[in-house]
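What follows is protein-v2.txt (compact mmCIF, C-alpha atoms).
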# COMPACT_ATOMS: atom_id res chain seq x y z
CA MET A 1 0.00 0.00 0.00
CA GLN A 2 1.53 3.31 -1.11
CA VAL A 3 -0.26 6.06 0.81
CA LYS A 4 1.99 8.87 -0.41
CA LYS A 5 1.50 7.83 -4.04
CA GLN A 6 -2.29 7.57 -3.59
CA PHE A 7 -2.37 11.01 -1.95
CA LYS A 8 -0.39 12.58 -4.80
CA GLU A 9 -2.56 10.90 -7.43
CA GLY A 10 -5.80 12.03 -5.83
CA LEU A 11 -4.73 15.64 -5.41
CA LEU A 12 -2.69 16.18 -8.55
CA THR A 13 -1.45 13.55 -11.00
CA LYS A 14 -4.78 11.70 -11.29
CA ASN A 15 -7.15 14.37 -10.00
CA PRO A 16 -10.65 13.30 -11.13
CA VAL A 17 -11.58 16.79 -12.35
CA LEU A 18 -8.32 18.36 -13.53
CA VAL A 19 -6.65 15.30 -15.06
CA GLN A 20 -9.22 12.55 -15.66
CA LEU A 21 -11.93 15.11 -16.58
CA LEU A 22 -14.69 13.08 -14.91
CA GLY A 23 -17.98 14.39 -13.52
CA MET A 24 -17.90 17.43 -15.78
CA CYS A 25 -21.68 17.94 -15.80
CA SER A 26 -21.99 18.55 -12.06
CA THR A 27 -18.65 20.37 -11.95
CA MET A 28 -19.85 22.98 -14.43
CA ALA A 29 -23.35 23.27 -12.99
CA ILE A 30 -22.80 23.65 -9.26
CA THR A 31 -19.49 25.53 -8.90
CA THR A 32 -21.06 28.98 -8.54
CA THR A 33 -20.92 29.26 -4.73
CA LEU A 34 -18.61 27.86 -2.07
CA PHE A 35 -21.64 26.31 -0.32
CA ASN A 36 -22.46 24.18 -3.37
CA GLY A 37 -18.87 23.14 -3.99
CA LEU A 38 -18.17 22.07 -0.42
CA GLY A 39 -21.50 20.27 -0.15
CA MET A 40 -21.06 18.36 -3.39
CA GLY A 41 -17.44 17.53 -2.60
CA VAL A 42 -18.24 16.13 0.83
CA CYS A 43 -21.14 14.07 -0.54
CA VAL A 44 -19.01 12.55 -3.29
CA THR A 45 -16.14 11.86 -0.87
CA VAL A 46 -18.40 10.04 1.59
CA ILE A 47 -19.98 7.97 -1.18
CA LEU A 48 -16.56 7.19 -2.68
CA ILE A 49 -15.18 5.92 0.62
CA CYS A 50 -18.26 3.85 1.50
CA SER A 51 -18.71 2.32 -1.96
CA ASN A 52 -14.99 1.55 -2.29
CA ILE A 53 -14.99 -0.25 1.06
CA CYS A 54 -18.12 -2.25 0.23
CA ILE A 55 -16.94 -3.20 -3.26
CA SER A 56 -13.51 -4.18 -1.95
CA LEU A 57 -15.12 -6.45 0.64
CA LEU A 58 -17.34 -8.08 -1.99
CA ARG A 59 -14.87 -8.12 -4.89
CA LYS A 60 -14.33 -11.90 -4.75
CA ALA A 61 -18.04 -12.65 -4.36
CA ILE A 62 -19.32 -10.52 -7.29
CA PRO A 63 -19.32 -12.44 -10.63
CA SER A 64 -17.31 -10.60 -13.27
CA LYS A 65 -20.18 -10.65 -15.78
CA VAL A 66 -22.46 -8.59 -13.54
CA ARG A 67 -19.84 -6.53 -11.71
CA ILE A 68 -20.82 -3.16 -13.25
CA ALA A 69 -24.50 -3.69 -12.42
CA ALA A 70 -23.55 -4.74 -8.90
CA TYR A 71 -21.35 -1.66 -8.47
CA VAL A 72 -24.20 0.61 -9.60
CA VAL A 73 -26.59 -0.98 -7.10
CA ILE A 74 -24.08 -0.54 -4.25
CA ILE A 75 -23.36 3.07 -5.22
CA ALA A 76 -27.08 3.81 -5.59
CA GLY A 77 -27.68 2.58 -2.05
CA PHE A 78 -25.14 5.02 -0.58
CA VAL A 79 -26.35 7.87 -2.80
CA THR A 80 -29.91 7.30 -1.56
CA MET A 81 -28.71 7.45 2.05
CA VAL A 82 -26.81 10.69 1.47
CA ASP A 83 -29.74 12.21 -0.44
CA LEU A 84 -32.18 11.42 2.38
CA LEU A 85 -29.78 12.73 5.04
CA LEU A 86 -29.38 16.00 3.13
CA LYS A 87 -33.13 16.42 2.81
CA ALA A 88 -33.52 15.80 6.53
CA PHE A 89 -30.65 17.86 7.96
CA LEU A 90 -29.50 20.24 5.17
CA PRO A 91 -32.60 20.96 3.06
CA SER A 92 -31.10 24.16 1.66
CA LEU A 93 -28.10 22.26 0.25
CA SER A 94 -30.36 19.50 -1.07
CA GLU A 95 -32.50 22.09 -2.87
CA SER A 96 -29.46 23.94 -4.19
CA LEU A 97 -27.77 20.84 -5.63
CA GLY A 98 -31.08 19.42 -6.85
CA VAL A 99 -30.86 16.57 -9.32
CA PHE A 100 -27.05 16.42 -9.15
CA ILE A 101 -27.15 14.45 -5.89
CA PRO A 102 -29.16 11.52 -7.38
CA LEU A 103 -26.97 11.72 -10.49
CA ILE A 104 -23.93 10.76 -8.39
CA VAL A 105 -25.10 7.19 -9.03
CA VAL A 106 -23.85 7.46 -12.61
CA ASN A 107 -20.93 9.76 -11.84
CA CYS A 108 -17.89 8.34 -13.63
CA ILE A 109 -15.64 9.20 -10.69
CA ILE A 110 -17.42 6.76 -8.37
CA LEU A 111 -17.84 3.99 -10.90
CA GLY A 112 -14.33 4.50 -12.27
CA ARG A 113 -12.66 4.06 -8.89
CA ALA A 114 -14.81 1.01 -8.17
CA GLU A 115 -13.70 -0.67 -11.40
CA ALA A 116 -10.10 0.55 -11.51
CA PHE A 117 -9.12 0.27 -7.84
CA ALA A 118 -11.61 -1.06 -5.28
CA SER A 119 -12.32 -4.25 -7.23
CA LYS A 120 -8.60 -5.10 -7.26
CA ASN A 121 -7.33 -3.96 -3.84
CA GLY A 122 -7.87 -4.44 -0.13
CA VAL A 123 -10.27 -2.56 2.12
CA VAL A 124 -7.82 -0.09 3.69
CA ALA A 125 -6.19 0.82 0.37
CA SER A 126 -9.62 1.21 -1.24
CA ALA A 127 -10.84 3.44 1.59
CA LEU A 128 -7.75 5.65 1.27
CA ASP A 129 -8.20 5.78 -2.51
CA GLY A 130 -11.79 6.97 -2.02
CA LEU A 131 -10.65 9.55 0.54
CA PHE A 132 -7.83 10.98 -1.57
CA GLN A 133 -9.82 11.02 -4.81
CA GLY A 134 -12.69 12.67 -2.95
CA VAL A 135 -10.41 15.30 -1.42
CA GLY A 136 -8.91 16.00 -4.85
CA TYR A 137 -12.41 16.36 -6.32
CA THR A 138 -13.51 18.62 -3.46
CA LEU A 139 -10.39 20.78 -3.72
CA ALA A 140 -10.91 21.30 -7.47
CA LEU A 141 -14.57 22.22 -6.90
CA VAL A 142 -13.78 24.60 -4.04
CA VAL A 143 -11.13 26.47 -6.05
CA MET A 144 -13.53 26.79 -8.99
CA CYS A 145 -16.30 27.98 -6.66
CA ILE A 146 -14.12 30.62 -5.03
CA LEU A 147 -12.95 32.01 -8.37
CA ARG A 148 -16.37 31.99 -10.02
CA GLU A 149 -18.19 33.38 -7.00
CA LEU A 150 -15.63 36.14 -6.46
CA LEU A 151 -15.34 37.19 -10.08
CA GLY A 152 -19.00 36.60 -10.96
CA ASN A 153 -20.79 37.85 -7.83
CA GLY A 154 -18.07 39.78 -6.07
CA THR A 155 -18.61 37.75 -2.87
CA PHE A 156 -16.85 35.02 -0.91
CA GLY A 157 -18.37 32.21 1.16
CA ALA A 158 -22.04 32.64 0.27
CA GLY A 159 -24.01 30.08 2.27
CA VAL A 160 -20.96 29.13 4.37
CA ILE A 161 -19.82 32.30 6.14
CA SER A 162 -23.19 34.03 5.79
CA ALA A 163 -26.27 33.82 3.59
CA ASP A 164 -24.89 36.28 1.01
CA GLY A 165 -21.21 35.87 1.81
CA ILE A 166 -18.63 38.63 2.27
CA ARG A 167 -18.71 41.23 -0.50
CA LEU A 168 -15.17 41.86 -1.74
CA ILE A 169 -15.99 43.52 -5.06
CA PRO A 170 -18.58 46.34 -5.11
CA ALA A 171 -21.92 45.52 -6.73
CA GLY A 172 -22.00 46.27 -10.44
CA TYR A 173 -18.32 45.49 -11.04
CA PRO A 174 -18.20 41.65 -11.05
CA MET A 175 -18.14 39.82 -14.38
CA THR A 176 -21.53 38.12 -14.50
CA ALA A 177 -20.31 35.81 -17.28
CA MET A 178 -18.18 33.96 -14.72
CA ILE A 179 -21.24 32.37 -13.10
CA LEU A 180 -22.59 31.36 -16.52
CA PRO A 181 -21.45 28.17 -18.34
CA VAL A 182 -18.77 30.07 -20.27
CA GLY A 183 -17.22 31.11 -16.94
CA GLY A 184 -17.14 27.49 -15.82
CA PHE A 185 -15.27 26.41 -18.95
CA LEU A 186 -12.78 29.29 -18.69
CA THR A 187 -12.10 28.62 -15.01
CA LEU A 188 -11.71 24.88 -15.55
CA GLY A 189 -9.37 25.44 -18.49
CA CYS A 190 -7.12 27.72 -16.42
CA LEU A 191 -7.03 25.24 -13.53
CA ILE A 192 -6.18 22.35 -15.85
CA ALA A 193 -3.34 24.37 -17.37
CA PHE A 194 -2.03 25.23 -13.90
CA SER A 195 -2.23 21.62 -12.68
CA GLN A 196 -0.34 20.41 -15.76
CA TRP A 197 2.34 23.05 -15.22
CA LEU A 198 2.66 22.11 -11.55
CA THR A 199 2.82 18.39 -12.37
CA LYS A 200 5.60 19.04 -14.89
CA LYS A 201 7.59 21.16 -12.42
CA LEU A 202 7.30 18.51 -9.68
CA ALA A 203 8.36 15.79 -12.12
CA GLU A 204 11.41 17.84 -13.16
CA LYS A 205 12.30 18.44 -9.51
CA GLU A 206 12.08 14.72 -8.68
CA ALA A 207 14.19 13.86 -11.74
CA ALA A 208 16.85 16.39 -10.71
CA GLN A 209 17.05 14.84 -7.22
CA LYS A 210 17.76 11.35 -8.58

Can the structure in the file be given as structure tokens, please?
Amino acid sequence: MQVKKQFKEGLLTKNPVLVQLLGMCSTMAITTTLFNGLGMGVCVTVILICSNICISLLRKAIPSKVRIAAYVVIIAGFVTMVDLLLKAFLPSLSESLGVFIPLIVVNCIILGRAEAFASKNGVVASALDGLFQGVGYTLALVVMCILRELLGNGTFGAGVISADGIRLIPAGYPMTAMILPVGGFLTLGCLIAFSQWLTKKLAEKEAAQK
């Protein structure tokens, strides 16, 4: 088990959003406020950890011909639990995220880690993989949310710090386009470019140390 390698992959070299480009639909749709990004990130992380653990435990009992269907059923069970808990304890977040919580069932991040990692590794390694991939996903969403909310609304922390957040840019000056789909694509493109640059620099540094 290589914890350091898994951590690096989840946050940078195999980040589900910035490198694997998975879950793009929800990423573009909900990254307009920090509240949405944190909420979605935590939900996906919890489901990733739980489904990875369950699939790892059952990996030898699930027939290979029906493994994808079995994974979907397991993931759907955890998504349903999270959805009901949100409706009960955080109705505002549930309403804000809307259909994107149930759609986690078919999110390629969850299913991809189940097929690529949890079905081939032990419980502890699978749990850590779910944690690190979830943290990487959450971090990407939070950075996108901060940039889009600040540049598009002129505020920071709406729904987290206060209902409307802290206004950092006077009303009338923010670029409204940043909270529209075009702003999501521009922000994501810049973050992908930065992550690739950082990955290259770290690789060059490691090569120089050898």

Contact table stretch 144-167 of chain A vs stretch 178-197 of chain A, cut-off 12 Å, shortest pair per residue, all atoms listed in the file, as CSV:
residue,atom,partner,partner_atom,distance
A:Met144,CA,A:Thr187,CA,6.5
A:Cys145,CA,A:Gly184,CA,9.2
A:Ile146,CA,A:Thr187,CA,10.4
A:Leu147,CA,A:Thr187,CA,7.5
A:Arg148,CA,A:Met178,CA,5.4
A:Glu149,CA,A:Ile179,CA,6.9
A:Leu150,CA,A:Met178,CA,8.9
A:Leu151,CA,A:Met178,CA,6.3
A:Gly152,CA,A:Met178,CA,4.7
A:Asn153,CA,A:Ile179,CA,7.6
A:Gly154,CA,A:Met178,CA,10.4
A:Thr155,CA,A:Ile179,CA,11.9

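Counting only C-alpha atoms, A:Asp164 has the following residues at most 12 Å away, ignoring those fewer than 2 positions along the same chain: Thr33, Leu34, Phe35, Glu149, Leu150, Asn153, Gly154, Thr155, Phe156, Gly157, Ala158, Gly159, Val160, Ile161, Ser162, Ile166, Arg167 and Leu168 of chain A.
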
10 Å contact set for stretch 58-73 of chain A, all atoms listed in the file, chain neighbours under 2 positions out, as JSON, numbers by chain: {"A": [51, 52, 53, 54, 55, 56, 75, 76, 77, 78, 79, 105, 106, 107, 110, 111, 114, 115, 118, 119, 120, 121, 122, 123]}

Under the rule of at most 12 Å, produce a per-residue listing of stretch 111-157 of chain A near stretch 3-19 of chain A: chain, number, name, the closest pair of atoms, and the distance in Å, as CSV, using all atoms listed in the file.
residue,atom,partner,partner_atom,distance
A:Leu111,CA,A:Pro16,CA,11.8
A:Gly112,CA,A:Pro16,CA,9.6
A:Arg113,CA,A:Pro16,CA,9.7
A:Phe117,CA,A:Gln6,CA,10.9
A:Val124,CA,A:Val3,CA,10.2
A:Ala125,CA,A:Val3,CA,7.9
A:Ser126,CA,A:Gln6,CA,10.0
A:Ala127,CA,A:Gln6,CA,10.8
A:Leu128,CA,A:Val3,CA,7.5
A:Asp129,CA,A:Gln6,CA,6.3
A:Gly130,CA,A:Gly10,CA,8.7
A:Leu131,CA,A:Gly10,CA,8.4
A:Phe132,CA,A:Gly10,CA,4.8
A:Gln133,CA,A:Gly10,CA,4.3
A:Gly134,CA,A:Gly10,CA,7.5
A:Val135,CA,A:Leu11,CA,6.9
A:Gly136,CA,A:Leu11,CA,4.2
A:Tyr137,CA,A:Pro16,CA,6.0
A:Thr138,CA,A:Val17,CA,9.3
A:Leu139,CA,A:Leu11,CA,7.8
A:Ala140,CA,A:Val17,CA,6.7
A:Leu141,CA,A:Val17,CA,8.3
A:Val142,CA,A:Val17,CA,11.6
A:Val143,CA,A:Leu18,CA,11.4
A:Met144,CA,A:Val17,CA,10.7

Separation of atom CA of A:Leu48 and atom CA of A:Ile109, in Å?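 Taking atom CA of A:Leu48 and atom CA of A:Ile109, their separation equals 8.3 Å.
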
For A:Thr32, which of A:Ile74, A:Ala116, A:Glu204, A:Ala177 is the closest residue, counting only C-alpha atoms?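 Of A:Ile74, A:Ala116, A:Glu204, A:Ala177, the one nearest A:Thr32 is A:Ala177, counting only C-alpha atoms.
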
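Put simply, atom CA of A:Val46 is 8.4 Å away from atom CA of A:Val82.
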
When distances are computed from all atoms listed in the file, which of A:Leu202, A:Leu21, A:Cys43, A:Ile49 shows the smallest separation from A:Ser94?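 Among A:Leu202, A:Leu21, A:Cys43, A:Ile49, it is A:Cys43 that comes nearest to A:Ser94.
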
Please measure the separation of atom CA of A:Gln20 and atom CA of A:Glu95, giving the value in Å to one decimal.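 Separation of atom CA of A:Gln20 and atom CA of A:Glu95: 28.2 Å.
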